[in-house]
Structure formats: C-alpha cells, structure tokens
>>> print(open('final_5.txt').read())   # compact mmCIF, C-alpha atoms
# COMPACT_ATOMS: atom_id res chain seq x y z
CA MET T 1 7.78 3.60 20.41
CA SER T 2 4.58 3.08 18.53
CA GLU T 3 2.11 0.42 19.55
CA LYS T 4 0.95 0.16 15.94
CA PRO T 5 1.55 -3.30 14.47
CA VAL T 6 4.57 -3.25 12.16
CA ASN T 7 2.65 -4.89 9.32
CA GLU T 8 0.21 -1.95 9.28
CA MET T 9 2.89 0.75 9.05
CA SER T 10 3.71 2.81 6.02
CA PHE T 11 7.32 2.89 4.86
CA GLU T 12 7.77 6.31 6.45
CA GLU T 13 6.33 5.22 9.80
CA ALA T 14 8.48 2.10 9.91
CA MET T 15 11.62 4.00 8.92
CA ALA T 16 11.07 6.69 11.56
CA GLU T 17 10.55 4.12 14.28
CA LEU T 18 13.53 2.09 13.08
CA GLU T 19 15.70 5.20 13.39
CA ALA T 20 14.42 5.73 16.94
CA VAL T 21 15.13 2.09 17.85
CA VAL T 22 18.67 2.29 16.47
CA GLY T 23 19.24 5.51 18.40
CA GLN T 24 18.17 3.90 21.67
CA LEU T 25 20.32 0.85 21.08
CA GLU T 26 23.34 2.95 20.15
CA ARG T 27 23.05 5.02 23.33
CA GLY T 28 23.21 1.83 25.36
CA ASP T 29 21.09 3.25 28.17
CA VAL T 30 18.43 0.54 27.92
CA PRO T 31 18.33 -2.54 30.18
CA LEU T 32 19.27 -5.85 28.55
CA ASP T 33 15.69 -7.22 28.36
CA ALA T 34 14.47 -3.99 26.77
CA SER T 35 17.43 -4.04 24.36
CA ILE T 36 16.44 -7.50 23.19
CA SER T 37 12.85 -6.38 22.63
CA LEU T 38 14.06 -3.28 20.81
CA TYR T 39 16.33 -5.37 18.61
CA GLU T 40 13.44 -7.70 17.71
CA ARG T 41 11.19 -4.71 16.94
CA GLY T 42 13.99 -3.20 14.87
CA ALA T 43 14.39 -6.40 12.85
CA ALA T 44 10.64 -6.43 12.13
CA LEU T 45 10.73 -2.74 11.15
CA LYS T 46 13.69 -3.35 8.82
CA ALA T 47 11.83 -6.22 7.15
CA ARG T 48 8.76 -3.98 6.73
CA CYS T 49 10.84 -1.24 5.11
CA GLU T 50 12.41 -3.75 2.73
CA ALA T 51 9.00 -5.19 1.82
CA LYS T 52 7.53 -1.73 1.17
CA LEU T 53 10.52 -0.81 -1.03
CA LYS T 54 10.14 -4.03 -3.02
CA GLU T 55 6.44 -3.32 -3.40
CA ALA T 56 7.23 0.15 -4.72
CA GLU T 57 9.82 -1.22 -7.14
CA GLU T 58 7.27 -3.67 -8.53
CA LYS T 59 4.84 -0.81 -9.14
CA VAL T 60 7.39 1.14 -11.11
CA ALA T 61 6.74 0.31 -14.73
CA LYS T 62 7.41 1.87 -18.04
CA LEU T 63 4.77 2.50 -20.63
CA THR T 64 4.98 0.40 -23.77
CA LEU T 65 3.95 1.89 -27.10
CA ASP T 66 2.88 0.35 -30.36
CA GLY T 67 4.35 1.32 -33.74
CA ASP T 68 2.12 4.40 -33.91
CA GLY T 69 3.14 5.62 -30.47
CA ASN T 70 -0.10 4.59 -28.76
CA PRO T 71 0.11 3.18 -25.21
CA THR T 72 -0.31 -0.59 -25.15
CA GLY T 73 0.35 -1.34 -21.49
CA THR T 74 3.23 -1.51 -19.09
CA GLU T 75 6.21 -3.72 -18.52
CA PRO T 76 8.68 -3.96 -15.63
CA LEU T 77 11.13 -1.08 -15.49
CA ASP T 78 14.15 -3.39 -15.80
CA ALA T 79 12.81 -5.26 -18.85
CA GLY T 80 14.96 -4.77 -21.90
>>> encode(input="final_5.txt", output="structure tokens")
Amino acid sequence: MSEKPVNEMSFEEAMAELEAVVGQLERGDVPLDASISLYERGAALKARCEAKLKEAEEKVAKLTLDGDGNPTGTEPLDAG
C-alpha cells in the first residue's frame, strides 16, 4: 500500500489502491487488526474517489452562446 496521504492522491491513484485494498480484504489472509486498518484506508480511498468524481462533474460545463452564436460563458451541464 502507498504511504501517500489519501487527500493528495489523484483519482487514478486512489482507485488503484482501493482495488488493492478490496482484493486483500476479499482474500481474507490478513490478521484482524490489519483488516481493520485496511478497511479504514479503503473507506478514506472511496471518499477520495467520490470527491474527485464530484469535482470533475462540477468542471463539466456546456458553452452558452448568444443570438449570433458567439460564446458568452458556461453553465452547468445539467442546466436546462
């Protein structure tokens, strides 16, 4: 597992480590104390992935145009 703080990880780093954590927990070959630590790390990694996805969603915007077709700015993708 990475020693990098979860809050400094990219989405891809957090997802890769989360997959490794899940794999270890599913195998069941980890002592109880280590399993608890892995579970806690996994929960933090999951939260980081969710936060990075939300951040990406907020950046997705559509271009708004005026009557002549000139760009005027952006608005949220889900705005009607």
>>> closest_residue(input="final_5.txt", among="T:Glu26, T:Gly73, T:Tyr39, T:Cys49", to="T:Asn7", atoms="only C-alpha atoms")
T:Cys49
>>> residues_around(input="final_5.txt", residues="T:Ile36", least_positions_apart="5", cutoff="12 Å", atoms="only C-alpha atoms", output="ChimeraX atom specification")
/T:21,24-25,28,30-31,41-43
>>> closest_residue(input="final_5.txt", among="T:Ala47, T:Leu32, T:Leu38, T:Leu65", to="T:Met15", atoms="only C-alpha atoms")
T:Ala47
>>> closest_residue(input="final_5.txt", among="T:Glu58, T:Ser37, T:Gly23, T:Ala44", to="T:Pro5", atoms="all atoms listed in the file")
T:Ala44
>>> atom_distance(input="final_5.txt", atom1="atom CA of T:Ala51", atom2="atom CA of T:Glu13")
13.4 Å
>>> residues_around(input="final_5.txt", residues="T:Val6", least_positions_apart="6", cutoff="8 Å", atoms="only C-alpha atoms", output="ChimeraX atom specification")
/T:14,44-45,48
>>> closest_residue(input="final_5.txt", among="T:Ser2, T:Ser35, T:Thr72, T:Ser10", to="T:Glu55", atoms="all atoms listed in the file")
T:Ser10
>>> atom_distance(input="final_5.txt", atom1="atom CA of T:Glu19", atom2="atom CA of T:Glu57")
22.3 Å
>>> closest_residue(input="final_5.txt", among="T:Met9, T:Leu53, T:Met1, T:Leu18", to="T:Ala34", atoms="all atoms listed in the file")
T:Met1
>>> atom_distance(input="final_5.txt", atom1="atom CA of T:Asp29", atom2="atom CA of T:Glu50")
27.8 Å
>>> build_atoms(input="final_5.txt", residues="stretch 46-61 of chain T", atoms="N, CA and C atoms", output="mmCIF file, in the frame of the given file")
data_model
loop_
_atom_site.group_PDB
_atom_site.id
_atom_site.type_symbol
_atom_site.label_atom_id
_atom_site.label_comp_id
_atom_site.auth_asym_id
_atom_site.auth_seq_id
_atom_site.Cartn_x
_atom_site.Cartn_y
_atom_site.Cartn_z
ATOM 1 N N LYS T 46 12.797 -3.271 9.983
ATOM 2 C CA LYS T 46 13.690 -3.350 8.820
ATOM 3 C C LYS T 46 13.047 -4.205 7.735
ATOM 4 N N ALA T 47 12.488 -5.337 8.118
ATOM 5 C CA ALA T 47 11.830 -6.220 7.150
ATOM 6 C C ALA T 47 10.652 -5.506 6.497
ATOM 7 N N ARG T 48 9.894 -4.722 7.274
ATOM 8 C CA ARG T 48 8.760 -3.980 6.730
ATOM 9 C C ARG T 48 9.231 -2.948 5.706
ATOM 10 N N CYS T 49 10.299 -2.229 6.042
ATOM 11 C CA CYS T 49 10.840 -1.240 5.110
ATOM 12 C C CYS T 49 11.283 -1.909 3.808
ATOM 13 N N GLU T 50 11.965 -3.035 3.915
ATOM 14 C CA GLU T 50 12.410 -3.750 2.730
ATOM 15 C C GLU T 50 11.227 -4.219 1.887
ATOM 16 N N ALA T 51 10.181 -4.719 2.545
ATOM 17 C CA ALA T 51 9.000 -5.190 1.820
ATOM 18 C C ALA T 51 8.303 -4.039 1.107
ATOM 19 N N LYS T 52 8.192 -2.882 1.787
ATOM 20 C CA LYS T 52 7.530 -1.730 1.170
ATOM 21 C C LYS T 52 8.354 -1.207 -0.009
ATOM 22 N N LEU T 53 9.678 -1.233 0.092
ATOM 23 C CA LEU T 53 10.520 -0.810 -1.030
ATOM 24 C C LEU T 53 10.357 -1.755 -2.215
ATOM 25 N N LYS T 54 10.331 -3.052 -1.947
ATOM 26 C CA LYS T 54 10.140 -4.030 -3.020
ATOM 27 C C LYS T 54 8.785 -3.823 -3.683
ATOM 28 N N GLU T 55 7.776 -3.579 -2.876
ATOM 29 C CA GLU T 55 6.440 -3.320 -3.400
ATOM 30 C C GLU T 55 6.442 -2.099 -4.316
ATOM 31 N N ALA T 56 7.149 -1.066 -3.899
ATOM 32 C CA ALA T 56 7.230 0.150 -4.720
ATOM 33 C C ALA T 56 7.983 -0.124 -6.016
ATOM 34 N N GLU T 57 9.064 -0.885 -5.942
ATOM 35 C CA GLU T 57 9.820 -1.220 -7.140
ATOM 36 C C GLU T 57 8.962 -1.979 -8.149
ATOM 37 N N GLU T 58 8.125 -2.879 -7.638
ATOM 38 C CA GLU T 58 7.270 -3.670 -8.530
ATOM 39 C C GLU T 58 6.214 -2.808 -9.205
ATOM 40 N N LYS T 59 5.845 -1.703 -8.555
ATOM 41 C CA LYS T 59 4.840 -0.810 -9.140
ATOM 42 C C LYS T 59 5.433 0.099 -10.205
ATOM 43 N N VAL T 60 6.743 0.286 -10.131
ATOM 44 C CA VAL T 60 7.390 1.140 -11.110
ATOM 45 C C VAL T 60 7.413 0.382 -12.441
ATOM 46 N N ALA T 61 6.814 0.964 -13.421
ATOM 47 C CA ALA T 61 6.740 0.310 -14.730
ATOM 48 C C ALA T 61 6.904 1.368 -15.798
#
